[in-house]
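Visitor: Hey, dropping query_10.pdb in here, PDB, C-alpha atoms:
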```pdb
ATOM      1  CA  MET A   9     -38.834   1.321 -45.205
ATOM      2  CA  LYS A  10     -35.219   0.197 -45.260
ATOM      3  CA  LYS A  11     -34.096   3.808 -44.906
ATOM      4  CA  ILE A  12     -36.214   4.232 -41.767
ATOM      5  CA  VAL A  13     -34.800   1.057 -40.191
ATOM      6  CA  LEU A  14     -31.260   2.136 -40.981
ATOM      7  CA  LEU A  15     -31.943   5.567 -39.505
ATOM      8  CA  VAL A  16     -33.345   4.082 -36.289
ATOM      9  CA  MET A  17     -30.385   1.703 -35.987
ATOM     10  CA  GLY A  18     -28.013   4.558 -36.554
ATOM     11  CA  LEU A  19     -29.649   6.617 -33.821
ATOM     12  CA  LEU A  20     -29.510   3.682 -31.428
ATOM     13  CA  PHE A  21     -25.854   3.132 -32.254
ATOM     14  CA  LEU A  22     -25.007   6.801 -31.686
ATOM     15  CA  SER A  23     -27.013   6.821 -28.455
ATOM     16  CA  GLY A  24     -25.161   3.758 -27.185
ATOM     17  CA  TYR A  25     -21.844   5.223 -28.325
ATOM     18  CA  ALA A  26     -22.475   8.456 -26.414
ATOM     19  CA  ALA A  27     -23.701   6.613 -23.326
ATOM     20  CA  ALA A  28     -20.536   4.521 -23.347
ATOM     21  CA  TYR A  29     -18.423   7.545 -22.445
ATOM     22  CA  GLU A  30     -19.101   8.527 -18.861
ATOM     23  CA  VAL A  31     -17.092  10.113 -16.060
ATOM     24  CA  ASN A  32     -18.167   9.947 -12.406
ATOM     25  CA  ILE A  33     -16.224  11.426  -9.493
ATOM     26  CA  ASN A  34     -16.554  11.120  -5.715
ATOM     27  CA  THR A  35     -15.259  13.245  -2.836
ATOM     28  CA  PRO A  36     -16.058  13.554   0.884
ATOM     29  CA  ASP A  37     -18.808  16.033   1.697
ATOM     30  CA  THR A  38     -16.867  17.514   4.650
ATOM     31  CA  LEU A  39     -13.151  17.646   5.317
ATOM     32  CA  ALA A  40     -10.941  19.222   7.985
ATOM     33  CA  VAL A  41      -8.335  21.734   6.841
ATOM     34  CA  GLY A  42      -5.011  19.913   6.605
ATOM     35  CA  GLU A  43      -6.444  16.564   5.526
ATOM     36  CA  PRO A  44      -5.696  15.441   1.951
ATOM     37  CA  LEU A  45      -8.647  15.848  -0.391
ATOM     38  CA  VAL A  46      -8.879  12.586  -2.323
ATOM     39  CA  VAL A  47     -10.894  12.632  -5.547
ATOM     40  CA  THR A  48     -11.718   9.221  -7.006
ATOM     41  CA  GLY A  49     -13.359   8.590 -10.348
ATOM     42  CA  THR A  50     -14.593   5.935 -12.728
ATOM     43  CA  THR A  51     -15.019   6.211 -16.469
ATOM     44  CA  THR A  52     -15.753   4.289 -19.606
ATOM     45  CA  PHE A  53     -13.007   6.073 -21.507
ATOM     46  CA  GLY A  54     -10.041   4.046 -22.644
ATOM     47  CA  ILE A  55      -6.916   3.288 -20.600
ATOM     48  CA  GLY A  56      -4.475   6.193 -20.559
ATOM     49  CA  THR A  57      -7.057   8.852 -21.371
ATOM     50  CA  PRO A  58      -6.063  12.120 -19.622
ATOM     51  CA  PHE A  59      -8.448  14.217 -17.545
ATOM     52  CA  ASP A  60      -8.041  17.538 -15.781
ATOM     53  CA  VAL A  61      -9.326  17.554 -12.191
ATOM     54  CA  VAL A  62      -9.786  21.103 -10.906
ATOM     55  CA  LEU A  63     -10.278  22.386  -7.355
ATOM     56  CA  TYR A  64     -12.221  25.649  -7.009
ATOM     57  CA  TYR A  65     -12.950  27.904  -4.063
ATOM     58  CA  GLN A  66     -16.649  28.636  -4.170
ATOM     59  CA  LEU A  67     -17.752  32.018  -2.850
ATOM     60  CA  ASN A  68     -19.863  34.281  -5.053
ATOM     61  CA  THR A  69     -17.941  33.004  -8.040
ATOM     62  CA  ALA A  70     -15.696  29.990  -8.473
ATOM     63  CA  THR A  71     -11.944  30.673  -8.213
ATOM     64  CA  GLU A  72      -9.547  28.023  -9.436
ATOM     65  CA  ILE A  73      -7.141  26.913  -6.700
ATOM     66  CA  LYS A  74      -5.311  23.904  -8.140
ATOM     67  CA  ARG A  75      -5.441  21.728 -11.236
ATOM     68  CA  LYS A  76      -4.107  18.203 -11.777
ATOM     69  CA  THR A  77      -3.948  15.971 -14.822
ATOM     70  CA  VAL A  78      -4.808  12.298 -14.223
ATOM     71  CA  TYR A  79      -4.872   9.258 -16.491
ATOM     72  CA  VAL A  80      -7.347   6.405 -16.726
ATOM     73  CA  GLN A  81      -5.910   3.232 -15.193
ATOM     74  CA  SER A  82      -6.328  -0.350 -16.377
ATOM     75  CA  ASP A  83      -9.384  -0.814 -14.143
ATOM     76  CA  LYS A  84     -11.019   2.296 -15.656
ATOM     77  CA  THR A  85     -10.473   4.394 -12.516
ATOM     78  CA  PHE A  86      -8.502   7.531 -11.768
ATOM     79  CA  ASN A  87      -7.743   9.626  -8.695
ATOM     80  CA  ALA A  88      -6.277  12.970  -7.696
ATOM     81  CA  VAL A  89      -5.104  14.193  -4.283
ATOM     82  CA  PHE A  90      -5.105  17.868  -3.248
ATOM     83  CA  ASP A  91      -3.219  19.247  -0.253
ATOM     84  CA  THR A  92      -5.508  21.427   1.899
ATOM     85  CA  THR A  93      -2.932  22.492   4.502
ATOM     86  CA  ASP A  94      -2.816  26.149   3.442
ATOM     87  CA  LEU A  95      -6.472  26.483   2.468
ATOM     88  CA  LYS A  96      -8.982  28.411   4.543
ATOM     89  CA  ALA A  97     -12.289  27.047   5.753
ATOM     90  CA  GLY A  98     -15.192  27.405   3.355
ATOM     91  CA  THR A  99     -16.991  25.871   0.402
ATOM     92  CA  TYR A 100     -15.020  24.283  -2.424
ATOM     93  CA  LYS A 101     -15.873  22.246  -5.473
ATOM     94  CA  VAL A 102     -14.014  19.683  -7.560
ATOM     95  CA  GLU A 103     -14.802  19.346 -11.241
ATOM     96  CA  VAL A 104     -13.719  17.461 -14.325
ATOM     97  CA  PRO A 105     -14.364  20.014 -17.091
ATOM     98  CA  ALA A 106     -16.060  18.079 -19.882
ATOM     99  CA  ASN A 107     -19.123  18.387 -22.077
ATOM    100  CA  GLY A 108     -21.504  15.905 -23.621
ATOM    101  CA  LEU A 109     -21.020  13.113 -21.086
ATOM    102  CA  GLY A 110     -24.685  12.307 -20.572
ATOM    103  CA  ASP A 111     -25.494  11.137 -17.051
ATOM    104  CA  SER A 112     -21.945  11.665 -15.791
ATOM    105  CA  VAL A 113     -21.246  13.276 -12.413
ATOM    106  CA  THR A 114     -18.340  15.612 -13.061
ATOM    107  CA  MET A 115     -18.699  18.032 -10.134
ATOM    108  CA  ARG A 116     -18.762  17.616  -6.337
ATOM    109  CA  GLN A 117     -18.968  20.196  -3.544
ATOM    110  CA  ILE A 118     -16.845  19.976  -0.376
ATOM    111  CA  GLN A 119     -17.014  21.893   2.885
ATOM    112  CA  LEU A 120     -13.612  22.526   4.482
ATOM    113  CA  VAL A 121     -13.825  23.082   8.244
ATOM    114  CA  ASP A 122     -11.185  24.516  10.575
ATOM    115  CA  ARG A 123     -10.947  22.532  13.842
ATOM    116  CA  SER A 124      -7.866  24.257  15.283
ATOM    117  CA  ASP A 125      -9.903  25.668  18.183
ATOM    118  CA  ASP A 126     -10.731  22.120  19.333
ATOM    119  CA  LEU A 127      -7.142  21.695  20.517
ATOM    120  CA  ASP A 128      -5.564  23.608  23.390
ATOM    121  CA  LEU A 129      -1.870  22.716  23.323
ATOM    122  CA  ALA A 130      -0.205  23.020  26.748
ATOM    123  CA  SER A 131       3.319  21.820  25.918
ATOM    124  CA  PRO A 132       5.882  24.568  25.192
ATOM    125  CA  ALA A 133       6.366  25.512  21.553
ATOM    126  CA  THR A 134      10.136  25.579  22.199
ATOM    127  CA  GLN A 135      11.789  22.879  24.318
ATOM    128  CA  ASN A 136      15.338  21.961  25.332
ATOM    129  CA  PHE A 137      16.629  18.676  23.953
ATOM    130  CA  THR A 138      16.409  15.913  26.564
ATOM    131  CA  GLY A 139      15.855  12.920  24.283
ATOM    132  CA  ASN A 140      12.071  13.267  24.571
ATOM    133  CA  LEU A 141       9.456  15.550  23.040
ATOM    134  CA  TYR A 142       6.851  16.597  25.594
ATOM    135  CA  VAL A 143       3.353  16.750  24.092
ATOM    136  CA  ALA A 144       0.376  17.749  26.239
ATOM    137  CA  GLY A 145      -2.933  19.550  25.872
ATOM    138  CA  THR A 146      -6.717  19.358  25.953
ATOM    139  CA  ILE A 147      -9.117  18.076  23.262
ATOM    140  CA  LYS A 148     -12.596  19.582  23.404
ATOM    141  CA  GLY A 149     -15.327  16.967  23.650
ATOM    142  CA  GLU A 150     -12.984  13.987  23.931
ATOM    143  CA  ILE A 151     -13.343  13.161  27.634
ATOM    144  CA  ASN A 152     -12.249   9.710  28.831
ATOM    145  CA  SER A 153     -11.431   8.859  25.260
ATOM    146  CA  GLY A 154      -8.232   9.436  23.323
ATOM    147  CA  VAL A 155      -6.406  11.389  20.657
ATOM    148  CA  GLN A 156      -4.319   9.924  17.861
ATOM    149  CA  ILE A 157      -0.850  11.481  17.574
ATOM    150  CA  VAL A 158       1.647  11.337  14.713
ATOM    151  CA  VAL A 159       5.098  12.949  14.993
ATOM    152  CA  THR A 160       7.154  13.800  11.914
ATOM    153  CA  GLY A 161      10.837  14.633  12.340
ATOM    154  CA  PRO A 162      13.073  17.281  10.710
ATOM    155  CA  ASP A 163      13.764  14.898   7.793
ATOM    156  CA  ASN A 164      10.003  14.464   7.145
ATOM    157  CA  GLN A 165      10.102  10.877   8.407
ATOM    158  CA  VAL A 166       7.381   9.624  10.777
ATOM    159  CA  LEU A 167       9.012   8.979  14.154
ATOM    160  CA  TYR A 168       5.916   8.153  16.195
ATOM    161  CA  GLY A 169       2.419   6.909  15.549
ATOM    162  CA  PRO A 170      -0.259   6.831  14.587
ATOM    163  CA  GLN A 171      -0.667   6.143  18.309
ATOM    164  CA  TYR A 172      -3.615   6.834  20.604
ATOM    165  CA  VAL A 173      -3.012   8.686  23.861
ATOM    166  CA  ASN A 174      -5.736   8.551  26.503
ATOM    167  CA  THR A 175      -7.645  11.645  27.594
ATOM    168  CA  ASN A 176      -9.008  12.073  31.121
ATOM    169  CA  ASN A 177     -12.434  13.252  32.284
ATOM    170  CA  GLU A 178     -11.555  16.795  31.231
ATOM    171  CA  GLY A 179     -10.087  15.910  27.852
ATOM    172  CA  ASP A 180      -6.481  16.368  29.012
ATOM    173  CA  PHE A 181      -3.618  14.261  27.697
ATOM    174  CA  SER A 182       0.178  14.170  27.951
ATOM    175  CA  THR A 183       3.007  11.975  26.723
ATOM    176  CA  ASP A 184       6.782  11.940  26.212
ATOM    177  CA  ILE A 185       7.906  10.873  22.748
ATOM    178  CA  PRO A 186      11.523   9.769  22.143
ATOM    179  CA  ILE A 187      13.348  11.903  19.559
ATOM    180  CA  PRO A 188      16.917  11.523  18.229
ATOM    181  CA  GLU A 189      18.062  15.133  17.883
ATOM    182  CA  PRO A 190      17.136  18.827  18.115
ATOM    183  CA  GLY A 191      15.049  20.293  15.298
ATOM    184  CA  GLU A 192      11.512  21.088  14.149
ATOM    185  CA  TYR A 193       8.898  18.405  14.844
ATOM    186  CA  ASP A 194       5.383  18.408  13.342
ATOM    187  CA  VAL A 195       2.751  16.834  15.585
ATOM    188  CA  SER A 196      -0.671  16.012  14.130
ATOM    189  CA  PHE A 197      -3.767  15.338  16.249
ATOM    190  CA  THR A 198      -6.809  13.303  15.197
ATOM    191  CA  ASP A 199      -9.890  12.408  17.227
ATOM    192  CA  SER A 200     -13.111  10.525  16.525
ATOM    193  CA  LYS A 201     -14.307  13.388  14.287
ATOM    194  CA  GLY A 202     -11.194  13.424  12.127
ATOM    195  CA  LEU A 203      -8.063  15.547  11.872
ATOM    196  CA  ILE A 204      -7.909  18.442  14.343
ATOM    197  CA  GLY A 205      -4.696  19.989  13.093
ATOM    198  CA  THR A 206      -0.915  19.989  13.119
ATOM    199  CA  ARG A 207       1.398  21.904  15.451
ATOM    200  CA  THR A 208       5.149  22.479  15.101
ATOM    201  CA  LEU A 209       7.331  22.122  18.192
ATOM    202  CA  SER A 210      10.926  23.366  18.160
ATOM    203  CA  VAL A 211      13.597  21.465  20.101
ATOM    204  CA  THR A 212      16.877  23.281  20.755
ATOM    205  CA  ALA A 213      20.269  21.934  21.887
ATOM    206  CA  GLN A 214      21.358  22.704  25.459
ATOM    207  CA  LEU A 215      24.849  24.036  26.242
ATOM    208  CA  SER A 216      26.774  21.053  27.594
ATOM    209  CA  PRO A 217      28.509  21.292  31.032
ATOM    210  CA  THR A 218      31.843  20.545  29.311
ATOM    211  CA  GLY A 219      31.406  23.474  26.980
ATOM    212  CA  THR A 220      30.551  25.785  29.871
ATOM    213  CA  PHE A 221      33.580  24.685  31.908
ATOM    214  CA  ALA A 222      35.890  25.106  28.891
ATOM    215  CA  GLU A 223      34.757  28.708  28.546
ATOM    216  CA  ARG A 224      35.499  29.412  32.202
ATOM    217  CA  ALA A 225      38.948  27.731  32.018
ATOM    218  CA  ALA A 226      40.117  29.615  28.920
ATOM    219  CA  PRO A 227      43.346  31.671  29.351
ATOM    220  CA  ASN A 228      42.695  35.258  30.358
ATOM    221  CA  SER A 229      44.004  38.362  28.618
ATOM    222  CA  LEU A 230      46.913  38.714  31.060
ATOM    223  CA  GLY A 231      48.458  35.401  29.993
ATOM    224  CA  ALA A 232      47.578  33.508  33.222
ATOM    225  CA  SER A 233      45.456  30.382  33.132
ATOM    226  CA  ALA A 234      42.575  30.307  35.583
ATOM    227  CA  GLN A 235      43.072  26.549  35.767
ATOM    228  CA  THR A 236      46.856  26.345  36.558
ATOM    229  CA  GLY A 237      47.943  29.826  37.599
ATOM    230  CA  THR A 238      50.973  29.687  35.242
ATOM    231  CA  VAL A 239      52.792  33.030  34.919
ATOM    232  CA  SER A 240      54.028  34.386  31.622
ATOM    233  CA  PRO A 241      57.632  35.777  31.493
ATOM    234  CA  THR A 242      56.341  38.843  29.696
ATOM    235  CA  MET A 243      54.017  39.836  32.511
ATOM    236  CA  PRO A 244      54.738  43.006  34.563
ATOM    237  CA  VAL A 245      56.381  42.467  37.993
ATOM    238  CA  GLU A 246      53.282  43.555  39.861
ATOM    239  CA  THR A 247      51.184  41.130  37.899
ATOM    240  CA  GLN A 248      53.695  38.318  38.496
ATOM    241  CA  ARG A 249      53.616  38.984  42.237
ATOM    242  CA  SER A 250      49.879  38.865  42.180
ATOM    243  CA  SER A 251      50.026  35.597  40.287
ATOM    244  CA  GLU A 252      52.637  34.203  42.659
ATOM    245  CA  GLY A 253      50.365  35.008  45.573
ATOM    246  CA  ALA A 254      47.614  33.056  43.891
ATOM    247  CA  VAL A 255      50.032  30.126  43.424
ATOM    248  CA  PHE A 256      51.160  30.299  47.080
ATOM    249  CA  GLY A 257      47.596  30.156  48.240
ATOM    250  CA  ALA A 258      47.013  27.113  46.093
ATOM    251  CA  MET A 259      50.236  25.321  47.228
ATOM    252  CA  GLY A 260      49.780  25.714  50.961
ATOM    253  CA  ALA A 261      51.691  27.505  53.756
ATOM    254  CA  GLY A 262      54.707  25.094  53.852
ATOM    255  CA  ALA A 263      55.499  25.417  50.184
ATOM    256  CA  ALA A 264      55.120  29.197  50.393
ATOM    257  CA  THR A 265      57.727  29.384  53.225
ATOM    258  CA  PHE A 266      60.184  27.317  51.214
ATOM    259  CA  LEU A 267      59.905  29.595  48.205
ATOM    260  CA  PHE A 268      60.292  32.696  50.406
ATOM    261  CA  CYS A 269      63.540  31.365  51.950
ATOM    262  CA  ALA A 270      64.912  30.460  48.553
ATOM    263  CA  ARG A 271      64.302  34.026  47.388
ATOM    264  CA  ARG A 272      66.183  35.441  50.496
ATOM    265  CA  LYS A 273      69.342  33.368  49.760
ATOM    266  CA  LYS A 274      69.738  34.898  46.296
TER     267      LYS A 274
END
```
As structure tokens, please, write out the structure in this file.

Guide:
Amino acid sequence: MKKIVLLVMGLLFLSGYAAAYEVNINTPDTLAVGEPLVVTGTTTFGIGTPFDVVLYYQLNTATEIKRKTVYVQSDKTFNAVFDTTDLKAGTYKVEVPANGLGDSVTMRQIQLVDRSDDLDLASPATQNFTGNLYVAGTIKGEINSGVQIVVTGPDNQVLYGPQYVNTNNEGDFSTDIPIPEPGEYDVSFTDSKGLIGTRTLSVTAQLSPTGTFAERAAPNSLGASAQTGTVSPTMPVETQRSSEGAVFGAMGAGAATFLFCARRKK
């Protein structure tokens, strides 16, 4: 009889021991391409226990895309974040590969959707630097509403937003965003349905008026300056005469007569 009791107690102990170790993960059901895929989890494993969290592309068979190792925190949670920027639309799954975890939920399926066609960007992809970045376009289905804009600069720092810009009765919007310098600027767009996508706008430096004038005023190959008309002693006589004529024209008729008389007295 004692043996039976001990056996039952042992089974109960083992059952409780096995049930104590659980892993449960959560992910969004649908996500737009470009949004971070955040995987959160809870577990009864001890603090510091490592887990592999794996992202698969699910077609006919599962293809591993990325894998991350996470560790159980003091509150018995863990999380992993996957970048989806370069992923294509389709069905994916996230899994914590483990066996013998009882009622654990170690796999979730996610649908990645591409919303790039919901945005028609009207602002030029390449713009001259004026101190502002011009952003304009049309958001499908967002009439008399708004679109949230975030601008990231060449140094990957957020320069603007998140800020809502109003859309009119056709879904159009436009705004000028102050920027400090030329470079590549990433502009992300989000509406009431989530992230639409990110576009890169290139801002180039304009040739300054000073630089243009300096090029025109540079000395020519004959040794005469277009700015002053100075004549080089090494120039041929014909060229000097031509240059003198240019100087006479610049000095006026009276000065030209004086120089002519001075030449006659020699």

Visitor: Can you list, as a list in words, the residues that the PyMOL selection byres ((chain A and resi 158-172) around 8) selects here?

Guide: Gly154, Val155, Gln156, Ile157, Val173, Asn174, Ile185, Ile187, Gly191, Glu192, Tyr193, Asp194, Val195, Ser196 and Phe197 of chain A

Visitor: Go through A:Val102, A:Ile147, A:Ile55, A:Ile73 and flag the residue nearest Ser200 (chain A), using all atoms listed in the file for the distances.

Guide: A:Ile147

Visitor: Let me know the residues the PyMOL selection byres ((chain A and resi 82) around 12) catches in the file above, as a list in words.

Guide: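 Expected selection for the PyMOL selection byres ((chain A and resi 82) around 12) here is Thr50, Thr51, Thr52, Phe53, Gly54, Ile55, Gly56, Thr57, Tyr79, Val80, Gln81, Asp83, Lys84, Thr85 and Phe86 of chain A.
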
Visitor: Those residues with C-alpha atoms, as an mmCIF file, keeping the file's coordinate frame please?

Guide:
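Contents of part21.cif, as written:
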```
data_model
loop_
_atom_site.group_PDB
_atom_site.id
_atom_site.type_symbol
_atom_site.label_atom_id
_atom_site.label_comp_id
_atom_site.auth_asym_id
_atom_site.auth_seq_id
_atom_site.Cartn_x
_atom_site.Cartn_y
_atom_site.Cartn_z
ATOM 1 C CA THR A 50 -14.593 5.935 -12.728
ATOM 2 C CA THR A 51 -15.019 6.211 -16.469
ATOM 3 C CA THR A 52 -15.753 4.289 -19.606
ATOM 4 C CA PHE A 53 -13.007 6.073 -21.507
ATOM 5 C CA GLY A 54 -10.041 4.046 -22.644
ATOM 6 C CA ILE A 55 -6.916 3.288 -20.600
ATOM 7 C CA GLY A 56 -4.475 6.193 -20.559
ATOM 8 C CA THR A 57 -7.057 8.852 -21.371
ATOM 9 C CA TYR A 79 -4.872 9.258 -16.491
ATOM 10 C CA VAL A 80 -7.347 6.405 -16.726
ATOM 11 C CA GLN A 81 -5.910 3.232 -15.193
ATOM 12 C CA ASP A 83 -9.384 -0.814 -14.143
ATOM 13 C CA LYS A 84 -11.019 2.296 -15.656
ATOM 14 C CA THR A 85 -10.473 4.394 -12.516
ATOM 15 C CA PHE A 86 -8.502 7.531 -11.768
#
```

Visitor: With all atoms of region 177-196 of chain A from the file as input, state the centre and edge lengths in Å to one decimal of the axis-aligned box that has 4 Å extra on each side, as AutoDock Vina command-line options.

Guide:
```
--center_x 2.8 --center_y 15.4 --center_z 22.8 --size_x 38.5 --size_y 19.3 --size_z 26.9
```

Visitor: Which residues, written as a list in words, have at least one atom at most 7 Å from Thr93 (chain A), with all atoms listed in the file counted and residues fewer than 2 positions away on the same chain left out?

Guide: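 So, after excluding close chain neighbours, the residues are Val41, Gly42, Glu43, Asp91 and Leu95 of chain A.
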
Visitor: Kindly indicate which residue among A:Gly139, A:Pro190, A:Pro44, A:Pro58 lies nearest to Phe90 (chain A), using all atoms listed in the file for the distances.

Guide: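 Comparing A:Gly139, A:Pro190, A:Pro44, A:Pro58 against Phe90 (chain A), the winner is A:Pro44.
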
Visitor: With all atoms listed in the file as the basis for distance, which of A:Ala40, A:Leu141, A:Thr69, A:Pro105 is at the shortest distance from Leu209 (chain A)?

Guide: A:Leu141

Visitor: So the first atom is CA of Thr35 (chain A) and the second is CA of Lys101 (chain A); what is the distance between them in Å, to one decimal place?

Guide: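 Computed distance, CA of Thr35 (chain A) to CA of Lys101 (chain A), equals 9.4 Å.
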
Visitor: Can you work out the spacing between CA of Thr208 (chain A) and CA of Ala133 (chain A) in Å, to one decimal?

Guide: 7.2 Å

Visitor: Separation of CA of Val104 (chain A) and CA of Val61 (chain A), in Å?

Guide: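 Computing it gives 4.9 Å between the two atoms.
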
Visitor: Determine the nearest neighbour of Leu45 (chain A) from the options A:Ile118, A:Lys96, A:Gly145, A:Thr71, counting only C-alpha atoms.

Guide: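 For Leu45 (chain A), the nearest of the given residues is A:Ile118.
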
Visitor: Decode the PyMOL selection byres ((chain A and resi 48) around 7) for the given file into explicit residues and return them as a ChimeraX atom specification.

Guide: /A:33-35,46-47,49,86-88

Visitor: Pick out the closest residue to Lys201 (chain A) from this set: A:Thr38, A:Gln119, A:Val62, A:Lys76. Count all atoms listed in the file.

Guide: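 When distances to Lys201 (chain A) are compared using all atoms listed in the file, the smallest one comes from A:Thr38.
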
Visitor: In terms of the shortest atom-to-atom distance over all atoms listed in the file, which of A:Thr206, A:Asn176, A:Asn68, A:Gln214 is closest to Ser124 (chain A)?

Guide: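 Among the listed residues, the smallest separation from Ser124 (chain A) belongs to A:Thr206.
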